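Asker: Dropping the structure in here first, questions after.
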Amino acid sequence: MCLKNIIFKFLFLSVFIVTSCKSEKTAEKSINTSKKPNIVVIYLDDLGYGDLSAYGATEIQTPNIDALANGGIKFTNGYASSATCTPSRYALLTGVYPWRNKKARILAGSAPLIIDVAQQTLPKVLKKQGYQTAIVGKWHLGLGSGDVNWNGKITPGPNEVGFDSSYIMAATQDRVPTVYIDNGHVVGLDKNDPIEVDYKKNFEGEPTAKSNPEMTTMKWHHGHNNSIVNGIPRIGFMKGGEAAKWTDIDMADHFLGKAQEYVKTHKEQPFFLYYAMQQPHVPRTPHPRFVGKSGMGPRGDVILEADWVVGEFINTLKEEGLLENTLIVFSSDNGPVLNDGYFDDAVEKLGKHDPKGGLRGGKYSLLEAGTRVPFITYWKGTIKPAVSDAIVCQMDLLASLANLTGTSEETTDSKDILSAFIGDADKGRDHLLIEANSKTALRSGDWLMIPPYKGWEFNKKVNTDLGVLPKLQLYNLKEDVGQQKNLAETNPEKLAEMIQVYESLRGEKIKEI
């Protein structure tokens, strides 16, 4: 190894150690951990950086989420680890970069569990600190170890990776099986009508969006043309389980009720609740109370619905006397997408609204709008209202919450940046690798570097710039947040520095195309 590399790695390690020590000391001074706080992670699905009025939206108002942002810390550089759902959820719960796990990609509803049951997870860390742990909502990290028997005990799943309680849907609202699963058992299942699921071929005689388009009430644009449930064509094939199938328009209310019930029945001891909401992922099926309220079609309506849900959940914490002893983390699994498989007027009725908030890209993209998302921490009476430019990532909740609850965790990629999360430091991460479709890029300080890649530059189906080019890209995000100026050729010194950091973190050389 050359001397320059040795010096660089030494300096990098020294800065990290100093920053980490400062983080721990500062956090200890500011928080009284004699009574461990409840912890709630509210996680939305495909909510963009510009989809909230607290983040600059003018065509839609989200007062309840805004109250969290205005009463807590609103991060301007908050990141999901990835530009798609499964990888981000994997990183949040395991503290591990998803590109380290080749299975951490968008999963079918019948995919096996991709978190090893022996692996460290956020709920496991908190359980050891005396927490009750629960998930309500979207899972999408696989279930079982191969062919799932949906008519018996479904295992392994959330309960085997650290959650005491789980009330979930297996994957996404647009994927089969379209049923709720309560601690490994399908809710409301009639044993005389067993569920069968297949992602390769249909069951004989079962209608699909292709064979029976007259049965659909929502039209598919791409990819969503298999089994029809509640008039909505899905991804994958399903037979049976009629009594267990969910009602789409009631899903938000249903999960809210489960989250509220959990809080009310587990308030005597500290709890960790991972509340993974489905909005504004497709199919967008707002309750009739919200239909037409946004003027932007179903996508806008379900954002208003999500805001209402957050407000109702916060009210429950207030009514139960828990709000002042509960840390709330609010974020989204990736950036926005408009047409993601259905014709639902998301594009046609967008108007002046910019879900990207001035960023470039979106869901599936290496560009900023793919992974930079709304990110809020709120703890009434403890966290002082502020706007922070610190670079923070959902992956860092594992190590940071370990610190908060009186322990430490240093076996994953998660970094202890608790001081940034609670507002005691203006600095978060020095470096962060973001990911889209197993391709990675480096965010470091004000800069973003994207290595050269082969592949589609633009996803025409979802109308998104993917940030994939056969040449190096370098952007100064402080001066060019919309990523219009590639400085790779005009700033070779900074590019070389970024390449060195990237290769050190990624553990491999950048390949020329």
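Within each chain, counting starts at residue 1; across the structure tokens, chains are named A, B, ... in the order shown, with ligands numbered 1 upward in that order.
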As a list in words, please: the residues near segment 70-80 of chain A (cut-off 7 Å, only C-alpha atoms, same-chain neighbours under 5 positions excluded).
Answerer: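 What passes the distance filter is Ser88, Asp333, Asn334, Thr371, Arg372, Val373, Pro374, Phe375, Ile376, Thr377, Tyr378, Trp379, Ile383, Lys384, Pro385, Ala386, Val387, Ser388, Asp389, Ala390, Ile391, Val392, Cys393, Gln394 and Gly423 of chain A.
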Asker: Tell me, as a ChimeraX atom specification, which residues lie within 12 Å of Lys200 of chain A, counting only C-alpha atoms; anything in the same chain fewer than 4 positions away does not count.
Answerer: /A:108-110,226-227,235-238
Asker: Gly482 of chain A: which residues within 10 Å, counting only C-alpha atoms, same-chain residues fewer than 5 positions away excluded, as a PyMOL selection string?
Answerer: chain A and resi 356-361+367-369+475-477
Asker: Taking into account only C-alpha atoms, which residue in the set A:Lys127, A:Leu404, A:Gly205, A:Thr121 is nearest to Pro37 of chain A?
Answerer: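 Answer, going by the shortest atom-to-atom distance: A:Leu404.
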Asker: From a DSSP calculation on the backbone, collect every residue of segment 255-376 of chain A in helix (DSSP H, G or I) and output the set as a ChimeraX atom specification.
Answerer: /A:255-265,297-319,323-325,368-371
Asker: Go through A:Ala118, A:Ala170, A:Leu487, A:Val302 one by one, measure the shortest atom-to-atom distance of each to Val186 of chain A using only C-alpha atoms, and give the residue with the smallest value.
Answerer: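 Answer, going by the shortest atom-to-atom distance: A:Ala170.
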Asker: With only C-alpha atoms as the counted atoms, please give the residues lying no more than 12 Å from Lys264 of chain A, apart from itself and same-chain residues fewer than 4 positions off, as a PyMOL selection string.
Answerer: chain A and resi 257-260+268-269+271+313+315-322
Asker: Between A:Val148, A:Val40, A:Met277, A:Ile115, which is the closest to Asn325 of chain A once you count only C-alpha atoms?
Answerer: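 Under the stated criterion, the closest residue is A:Val40.
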Asker: Select, from A:Ser81, A:Asn491, A:Gln173, A:Gln483, the residue with the minimum atom-to-atom distance to Gly335 of chain A, counting only C-alpha atoms.
Answerer: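 Checking each candidate against Gly335 of chain A, we get A:Ser81 as the closest.
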Asker: Determine the nearest neighbour of Pro470 of chain A from the options A:Arg443, A:Asp426, A:Ile232, A:Ile513, counting only C-alpha atoms.
Answerer: A:Ile513
Asker: Write out as an NGL selection string the set of residues from segment 228-280 of chain A that DSSP, computed on the backbone, places in strand (DSSP E or B).
Answerer: :A and (228-229 or 232-233 or 235 or 237-239 or 245 or 271-276)
Asker: Write the residues of the selection above to a file with N, CA, C and O atoms, as an mmCIF file, in the first residue's frame.
Answerer:
data_model
loop_
_atom_site.group_PDB
_atom_site.id
_atom_site.type_symbol
_atom_site.label_atom_id
_atom_site.label_comp_id
_atom_site.auth_asym_id
_atom_site.auth_seq_id
_atom_site.Cartn_x
_atom_site.Cartn_y
_atom_site.Cartn_z
ATOM 1 N N ILE A 228 -56.436 -10.295 -10.015
ATOM 2 C CA ILE A 228 -57.261 -9.118 -9.719
ATOM 3 C C ILE A 228 -57.870 -9.285 -8.329
ATOM 4 O O ILE A 228 -58.525 -10.289 -8.036
ATOM 5 N N VAL A 229 -57.641 -8.301 -7.463
ATOM 6 C CA VAL A 229 -58.231 -8.303 -6.124
ATOM 7 C C VAL A 229 -58.887 -6.950 -5.899
ATOM 8 O O VAL A 229 -58.247 -5.908 -6.064
ATOM 9 N N ILE A 232 -58.496 -4.450 -8.574
ATOM 10 C CA ILE A 232 -57.151 -3.919 -8.822
ATOM 11 C C ILE A 232 -56.239 -5.049 -9.291
ATOM 12 O O ILE A 232 -56.072 -6.048 -8.588
ATOM 13 N N PRO A 233 -55.638 -4.910 -10.474
ATOM 14 C CA PRO A 233 -54.695 -5.941 -10.941
ATOM 15 C C PRO A 233 -53.385 -5.850 -10.176
ATOM 16 O O PRO A 233 -52.898 -4.759 -9.887
ATOM 17 N N ILE A 235 -49.309 -7.650 -9.014
ATOM 18 C CA ILE A 235 -48.129 -8.395 -9.440
ATOM 19 C C ILE A 235 -48.189 -9.760 -8.773
ATOM 20 O O ILE A 235 -48.320 -9.847 -7.545
ATOM 21 N N PHE A 237 -49.603 -14.088 -8.886
ATOM 22 C CA PHE A 237 -50.854 -14.833 -9.010
ATOM 23 C C PHE A 237 -51.261 -15.407 -7.661
ATOM 24 O O PHE A 237 -50.432 -15.920 -6.906
ATOM 25 N N MET A 238 -52.561 -15.322 -7.386
ATOM 26 C CA MET A 238 -53.082 -15.791 -6.098
ATOM 27 C C MET A 238 -54.418 -16.488 -6.320
ATOM 28 O O MET A 238 -55.247 -16.048 -7.122
ATOM 29 N N LYS A 239 -54.622 -17.553 -5.558
ATOM 30 C CA LYS A 239 -55.873 -18.290 -5.592
ATOM 31 C C LYS A 239 -56.315 -18.568 -4.165
ATOM 32 O O LYS A 239 -55.509 -18.881 -3.298
ATOM 33 N N LYS A 245 -58.799 -11.662 2.353
ATOM 34 C CA LYS A 245 -58.274 -10.565 1.532
ATOM 35 C C LYS A 245 -58.619 -9.202 2.139
ATOM 36 O O LYS A 245 -59.734 -8.978 2.603
ATOM 37 N N PHE A 271 -41.216 0.871 24.681
ATOM 38 C CA PHE A 271 -41.470 0.086 23.470
ATOM 39 C C PHE A 271 -40.805 0.724 22.254
ATOM 40 O O PHE A 271 -40.562 1.927 22.204
ATOM 41 N N PHE A 272 -40.509 -0.130 21.285
ATOM 42 C CA PHE A 272 -40.048 0.290 19.969
ATOM 43 C C PHE A 272 -41.094 -0.164 18.958
ATOM 44 O O PHE A 272 -41.370 -1.358 18.828
ATOM 45 N N LEU A 273 -41.687 0.804 18.257
ATOM 46 C CA LEU A 273 -42.690 0.506 17.241
ATOM 47 C C LEU A 273 -42.190 0.978 15.886
ATOM 48 O O LEU A 273 -41.917 2.152 15.681
ATOM 49 N N TYR A 274 -42.067 0.043 14.969
ATOM 50 C CA TYR A 274 -41.729 0.333 13.576
ATOM 51 C C TYR A 274 -43.055 0.354 12.816
ATOM 52 O O TYR A 274 -43.642 -0.691 12.539
ATOM 53 N N TYR A 275 -43.521 1.571 12.527
ATOM 54 C CA TYR A 275 -44.827 1.779 11.902
ATOM 55 C C TYR A 275 -44.586 2.090 10.433
ATOM 56 O O TYR A 275 -44.283 3.232 10.057
ATOM 57 N N ALA A 276 -44.713 1.062 9.589
ATOM 58 C CA ALA A 276 -44.360 1.172 8.174
ATOM 59 C C ALA A 276 -45.628 1.338 7.339
ATOM 60 O O ALA A 276 -46.296 0.363 6.988
#
Asker: For a quick check of understanding, using only C-alpha atoms, which of A:Gln132, A:Asn463, A:Ser365, A:Gln278 has the smallest distance to Val347 of chain A?
Answerer: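 Ranked by minimum distance to Val347 of chain A, first place goes to A:Asn463.
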Asker: Mind checking which residues fall within 12 Å of Gly223 of chain A, counting only C-alpha atoms, ignoring those fewer than 3 positions away in the same chain, and posting them as a PyMOL selection string?
Answerer: chain A and resi 174-175+209-210+219-220+226-227+233-236+282+339-343+461-462
Asker: Tell me, in Å to one decimal, how far atom CA of Val187 of chain A is from atom CA of Ser166 of chain A.
Answerer: 12.0 Å
Asker: Grab the atom CA of Thr178 of chain A to atom CA of Ser211 of chain A distance for me, in Å with one decimal place.
Answerer: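 We find that atom CA of Thr178 of chain A and atom CA of Ser211 of chain A lie 19.9 Å from each other.
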Asker: May I ask for the distance between atom CA of Ala441 of chain A and atom CA of Gln279 of chain A, given in Å to one decimal place?
Answerer: 27.1 Å
